[in-house]
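With compact mmCIF, C-alpha atoms inside, this is structure13.txt:
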# COMPACT_ATOMS: atom_id res chain seq x y z
CA MET A 1 93.23 113.63 129.85
CA ARG A 2 96.03 112.74 132.26
CA SER A 3 98.50 110.08 131.19
CA ILE A 4 99.19 107.08 133.44
CA VAL A 5 102.81 106.25 134.24
CA CYS A 6 103.28 102.51 134.19
CA GLY A 7 106.09 101.38 136.50
CA MET A 8 106.93 99.68 139.78
CA ASP A 9 108.71 100.96 142.89
CA ASP A 10 111.95 98.99 143.36
CA GLY A 11 111.97 99.58 147.12
CA LEU A 12 114.55 102.38 146.87
CA GLY A 13 112.10 105.04 145.83
CA ARG A 14 112.91 104.57 142.13
CA ILE A 15 110.37 103.63 139.45
CA ALA A 16 111.19 100.71 137.17
CA THR A 17 110.13 101.40 133.60
CA PRO A 18 108.27 98.83 131.41
CA ARG A 19 111.55 98.14 129.59
CA GLN A 20 113.32 97.46 132.88
CA LEU A 21 110.46 95.20 133.91
CA ARG A 22 110.80 93.19 130.72
CA LEU A 23 114.55 92.81 131.34
CA ALA A 24 113.85 91.68 134.89
CA LEU A 25 111.35 89.12 133.63
CA ALA A 26 113.96 87.66 131.34
CA LYS A 27 116.11 86.90 134.39
CA LEU A 28 113.38 85.13 136.34
CA ARG A 29 113.60 81.36 136.73
CA ILE A 30 110.84 78.97 137.82
CA THR A 31 111.64 77.32 141.15
CA SER A 32 111.96 73.52 141.22
CA ALA A 33 109.34 71.28 142.81
CA SER A 34 111.72 70.49 145.69
CA SER A 35 111.82 74.13 146.74
CA ILE A 36 108.17 75.11 146.39
CA LEU A 37 107.68 76.03 150.04
CA PRO A 38 110.99 77.86 150.56
CA GLY A 39 110.49 79.64 147.25
CA MET A 40 106.81 80.48 147.78
CA LYS A 41 107.50 84.13 148.54
CA PHE A 42 109.74 84.44 145.48
CA THR A 43 107.19 82.71 143.27
CA LEU A 44 104.33 84.98 144.36
CA ALA A 45 106.50 88.04 143.85
CA SER A 46 107.50 86.77 140.41
CA CYS A 47 103.87 86.20 139.44
CA ALA A 48 102.96 89.69 140.59
CA LEU A 49 105.85 91.16 138.62
CA LEU A 50 104.88 89.13 135.56
CA ALA A 51 101.25 90.26 135.70
CA PHE A 52 102.26 93.87 136.19
CA ALA A 53 104.78 93.82 133.35
CA LEU A 54 102.26 92.23 130.97
CA LEU A 55 99.76 94.95 131.89
CA CYS A 56 102.35 97.63 131.18
CA VAL A 57 103.31 96.13 127.82
CA SER A 58 99.63 95.80 126.85
CA SER A 59 99.01 99.39 127.92
CA GLU A 60 101.94 100.60 125.81
CA LEU A 61 100.63 98.76 122.74
CA LEU A 62 97.06 100.00 123.25
CA ALA A 63 98.31 103.56 123.63
CA ALA A 64 100.27 103.23 120.40
CA GLN A 65 97.25 101.87 118.54
CA ASN A 66 95.02 104.71 119.74
CA ALA A 67 97.61 107.45 119.21
CA PRO A 68 97.19 109.75 116.19
CA ARG A 69 99.01 108.46 113.14
CA SER A 70 102.43 110.16 112.82
CA VAL A 71 102.24 109.99 109.01
CA ARG A 72 99.06 111.64 107.79
CA PHE A 73 97.29 111.95 104.44
CA GLU A 74 97.43 115.75 104.46
CA GLN A 75 101.24 115.63 104.52
CA PHE A 76 101.18 114.38 100.91
CA PRO A 77 98.62 116.60 99.13
CA VAL A 78 97.77 116.46 95.44
CA GLU A 79 95.18 118.14 93.21
CA VAL A 80 92.23 115.96 92.22
CA TYR A 81 91.44 115.38 88.54
CA HIS A 82 87.85 116.37 87.65
CA GLY A 83 87.88 115.74 83.91
CA ARG A 84 86.27 112.96 81.91
CA ALA A 85 87.11 109.56 83.37
CA LYS A 86 88.63 106.81 81.26
CA ILE A 87 87.05 103.70 82.72
CA PRO A 88 89.49 100.79 83.20
CA GLY A 89 88.78 97.74 81.03
CA GLU A 90 88.23 95.44 84.01
CA PHE A 91 85.04 97.31 84.99
CA HIS A 92 81.74 97.26 83.13
CA LYS A 93 78.01 97.68 83.68
CA ASP A 94 75.68 94.72 83.50
CA SER A 95 72.25 94.69 81.83
CA GLN A 96 70.71 96.30 84.90
CA GLY A 97 73.22 99.12 85.00
CA ASP A 98 75.18 97.81 88.00
CA TRP A 99 78.97 97.87 87.99
CA ASN A 100 80.89 94.59 87.93
CA ASP A 101 84.59 93.74 87.82
CA GLU A 102 86.37 91.40 85.40
CA MET A 103 85.25 88.36 87.43
CA GLY A 104 81.62 89.44 87.25
CA LYS A 105 81.52 90.37 90.93
CA PRO A 106 79.76 93.55 92.14
CA ALA A 107 81.99 96.62 92.12
CA SER A 108 81.75 100.31 92.90
CA ARG A 109 81.56 102.90 90.13
CA PRO A 110 85.15 103.83 89.20
CA ARG A 111 86.00 107.16 90.82
CA VAL A 112 89.13 108.98 91.95
CA ASN A 113 89.99 107.71 95.41
CA PHE A 114 93.79 107.89 95.44
CA ALA A 115 96.61 110.24 94.47
CA GLY A 116 94.52 112.77 92.55
CA GLU A 117 93.61 110.68 89.51
CA TYR A 118 93.65 106.99 90.43
CA TYR A 119 90.96 104.45 91.18
CA LEU A 120 92.22 101.92 93.72
CA ALA A 121 89.92 98.90 93.82
CA ALA A 122 89.84 95.81 96.01
CA HIS A 123 88.52 92.60 94.43
CA SER A 124 87.35 89.56 96.34
CA CYS A 125 88.50 86.15 95.15
CA GLY A 126 87.18 84.03 98.01
CA THR A 127 87.56 83.63 101.77
CA CYS A 128 90.65 85.48 103.04
CA CYS A 129 91.52 86.18 99.39
CA ARG A 130 91.69 89.52 97.61
CA TYR A 131 93.61 91.36 94.95
CA TYR A 132 93.94 95.01 93.91
CA THR A 133 93.92 97.09 90.75
CA LEU A 134 95.17 100.66 90.41
CA ASP A 135 94.21 102.68 87.32
CA SER A 136 94.48 106.30 86.29
CA LEU A 137 91.07 107.69 85.34
CA ARG A 138 92.86 110.50 83.51
CA THR A 139 95.00 108.37 81.16
CA GLY A 140 93.45 104.92 81.54
CA ALA A 141 96.86 103.40 82.36
CA GLY A 142 97.23 100.90 85.18
CA ILE A 143 99.99 100.43 87.78
CA ASN A 144 100.75 96.74 88.16
CA GLN A 145 102.97 97.33 91.17
CA VAL A 146 99.85 97.32 93.35
CA ARG A 147 99.66 93.55 92.82
CA MET A 148 102.37 93.17 95.46
CA PHE A 149 99.50 93.53 97.93
CA ASP A 150 97.52 90.59 96.50
CA ALA A 151 96.56 87.70 98.78
CA GLY A 152 95.47 84.66 96.80
CA ASP A 153 94.15 81.24 97.80
CA SER A 154 97.60 80.63 99.29
CA PRO A 155 98.14 83.90 101.20
CA PRO A 156 101.62 85.41 101.57
CA VAL A 157 103.53 84.69 104.78
CA THR A 158 105.67 86.99 106.94
CA ARG A 159 109.23 86.15 107.87
CA ASP A 160 108.05 85.04 111.30
CA GLY A 161 105.47 82.65 109.87
CA HIS A 162 102.16 84.58 109.84
CA ALA A 163 99.82 84.38 106.85
CA TYR A 164 98.48 87.84 106.07
CA VAL A 165 96.02 89.83 103.97
CA PRO A 166 96.86 93.48 103.16
CA ILE A 167 94.07 96.06 103.55
CA LEU A 168 94.67 99.34 101.71
CA PHE A 169 93.55 102.82 102.77
CA SER A 170 93.73 105.97 100.66
CA LYS A 171 92.19 109.40 100.00
CA PRO A 172 91.50 111.19 96.68
CA ASN A 173 93.64 114.23 97.49
CA SER A 174 96.71 112.45 98.87
CA THR A 175 99.52 110.31 97.45
CA LEU A 176 99.85 108.45 100.77
CA LEU A 177 98.80 104.80 100.82
CA VAL A 178 98.33 103.13 104.20
CA VAL A 179 98.68 99.36 104.19
CA GLN A 180 97.46 97.30 107.13
CA TYR A 181 98.58 93.68 107.15
CA GLU A 182 95.98 91.55 108.92
CA LEU A 183 97.86 88.56 110.31
CA ASP A 184 96.33 85.07 110.31
CA PRO A 185 92.92 86.42 109.17
CA CYS A 186 91.43 82.93 108.90
CA ALA A 187 92.53 81.90 112.40
CA PRO A 188 89.82 83.15 114.84
CA GLU A 189 92.14 83.08 117.85
CA ASP A 190 94.59 85.48 116.17
CA ARG A 191 92.17 87.83 114.41
CA ASN A 192 93.38 91.03 116.10
CA LEU A 193 97.03 90.79 115.05
CA CYS A 194 97.98 93.55 112.62
CA ARG A 195 100.95 95.50 111.25
CA GLU A 196 101.04 98.75 109.30
CA ARG A 197 103.25 100.37 106.66
CA TYR A 198 103.14 103.57 104.59
CA PHE A 199 103.75 104.05 100.89
CA VAL A 200 103.75 107.12 98.67
CA LEU A 201 102.99 107.17 94.93
CA LYS A 202 105.73 109.15 93.20
CA GLY A 203 106.54 109.11 89.50
CA GLY A 204 104.12 106.26 88.93
CA GLU A 205 105.85 104.12 91.57
CA LEU A 206 104.80 103.09 95.08
CA LYS A 207 107.65 103.70 97.51
CA ALA A 208 107.77 102.69 101.18
CA ILE A 209 108.64 105.64 103.40
CA LEU A 210 108.96 103.97 106.82
CA LYS A 211 109.60 100.56 108.32
CA THR A 212 106.61 98.35 109.14
CA LEU A 213 104.93 99.18 112.46
CA PRO A 214 104.17 96.23 114.81
CA TYR A 215 100.60 97.48 115.27
CA CYS A 216 97.83 99.17 113.28
CA THR A 217 96.23 102.55 113.89
CA ASN A 218 92.48 103.07 113.89
CA GLU A 219 92.36 105.69 111.13
CA GLY A 220 91.69 105.24 107.45
CA THR A 221 88.99 104.41 104.95
CA GLU A 222 89.21 101.07 103.19
CA GLN A 223 88.80 101.13 99.43
CA ASN A 224 86.36 98.88 97.57

Encoded form using structure tokens:
Amino acid sequence: MRSIVCGMDDGLGRIATPRQLRLALAKLRITSASSILPGMKFTLASCALLAFALLCVSSELLAAQNAPRSVRFEQFPVEVYHGRAKIPGEFHKDSQGDWNDEMGKPASRPRVNFAGEYYLAAHSCGTCCRYYTLDSLRTGAGINQVRMFDAGDSPPVTRDGHAYVPILFSKPNSTLLVVQYELDPCAPEDRNLCRERYFVLKGGELKAILKTLPYCTNEGTEQN
């Protein structure tokens, strides 16, 4: 598939890049009411430049979201434990043989779904509310550090003022944990805002390996 170059001819045969367009936009000023007619040509040109720049910025973000993830699960391989599972205490079967968590809510059968021997589980605690547990099915020990991704009745807030709910993605044969932060999940008008960060489990500790991305990729399998 051919890529599309997003830019604008500056009249001298040169192409202005999206970054240059954004810098140009920052210099634009709205004309006063007393100069509407004399400034009509400038205003129309400014509007056209604004629309074009917004299209370029949106195209850049969409391309980033659809691009293959630079950090991939297969880059952090680990052997999967196949021995007898030690079921974490917060999971049990009810009288009908269905799995429930410690709050009595339906749960999946504990199974290795992260870092070779761990069961990463998401628990619902209400609307826009969830918390996580991470337990080794080999030793039965839990890792409480995963609770840093909890979002309670009062969800955590980013530095720039967005409430968020973390969604975790993992694979059985990889120590990579992908965390997508859904911003303002209970505000319908902002539902598509999202940021992404990568962690690796090493020595029983989750360690961030890159800075938070301002967008989310489309890959991953959410754990439940």

Practice problem: Just give me the gap between atom CA of Thr217 of chain A and atom CA of Val178 of chain A in Å, one decimal is fine. | Solution: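 Rounded to one decimal, the two atoms are 9.9 Å apart.
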
Where does segment 82-105 of chain A meet segment 135-153 of chain A within 8 Å, residue by residue, with the nearest atom pair and distance in Å to one decimal for each, counting all atoms listed in the file, listed by chain and rising number, as JSON lines?
{"residue": "A:Gly83", "atom": "CA", "partner": "A:Arg138", "partner_atom": "CA", "distance": 7.2}
{"residue": "A:Arg84", "atom": "CA", "partner": "A:Arg138", "partner_atom": "CA", "distance": 7.2}
{"residue": "A:Ala85", "atom": "CA", "partner": "A:Leu137", "partner_atom": "CA", "distance": 4.8}
{"residue": "A:Lys86", "atom": "CA", "partner": "A:Leu137", "partner_atom": "CA", "distance": 4.8}
{"residue": "A:Ile87", "atom": "CA", "partner": "A:Leu137", "partner_atom": "CA", "distance": 6.2}
{"residue": "A:Pro88", "atom": "CA", "partner": "A:Gly140", "partner_atom": "CA", "distance": 6.0}

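Using all atoms listed in the file, every residue with an atom at most 9 Å from the point (107.7, 100.4, 104.6) is listed here: Glu196, Arg197, Tyr198, Phe199, Lys207, Ala208, Ile209, Leu210, Lys211, Thr212 and Leu213 of chain A.
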
Practice problem: Tell me which of A:Cys194, A:Glu74, A:Leu206, A:Ser124 sits closest to Thr158 of chain A, counting all atoms listed in the file. | Solution: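 Between A:Cys194, A:Glu74, A:Leu206, A:Ser124, the residue approaching Thr158 of chain A most closely is A:Cys194.
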
Quiz item: Any idea what the distance is between atom CA of Phe76 of chain A and atom CA of Tyr119 of chain A?
Solution: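 Computed distance, atom CA of Phe76 of chain A to atom CA of Tyr119 of chain A, equals 17.3 Å.
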
Self-check item: atom CA of Ala121 of chain A to atom CA of Val200 of chain A, straight-line distance in Å
Solution: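 Distance between the two atoms: 16.8 Å.
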
Exercise. Rank A:Gly89, A:Asp160, A:Phe114, A:Asp101 by their smallest atom-to-atom distance to Leu177 of chain A, using only C-alpha atoms, and report the top residue only.
Key: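 Going through A:Gly89, A:Asp160, A:Phe114, A:Asp101 one by one, the smallest distance to Leu177 of chain A is for A:Phe114.
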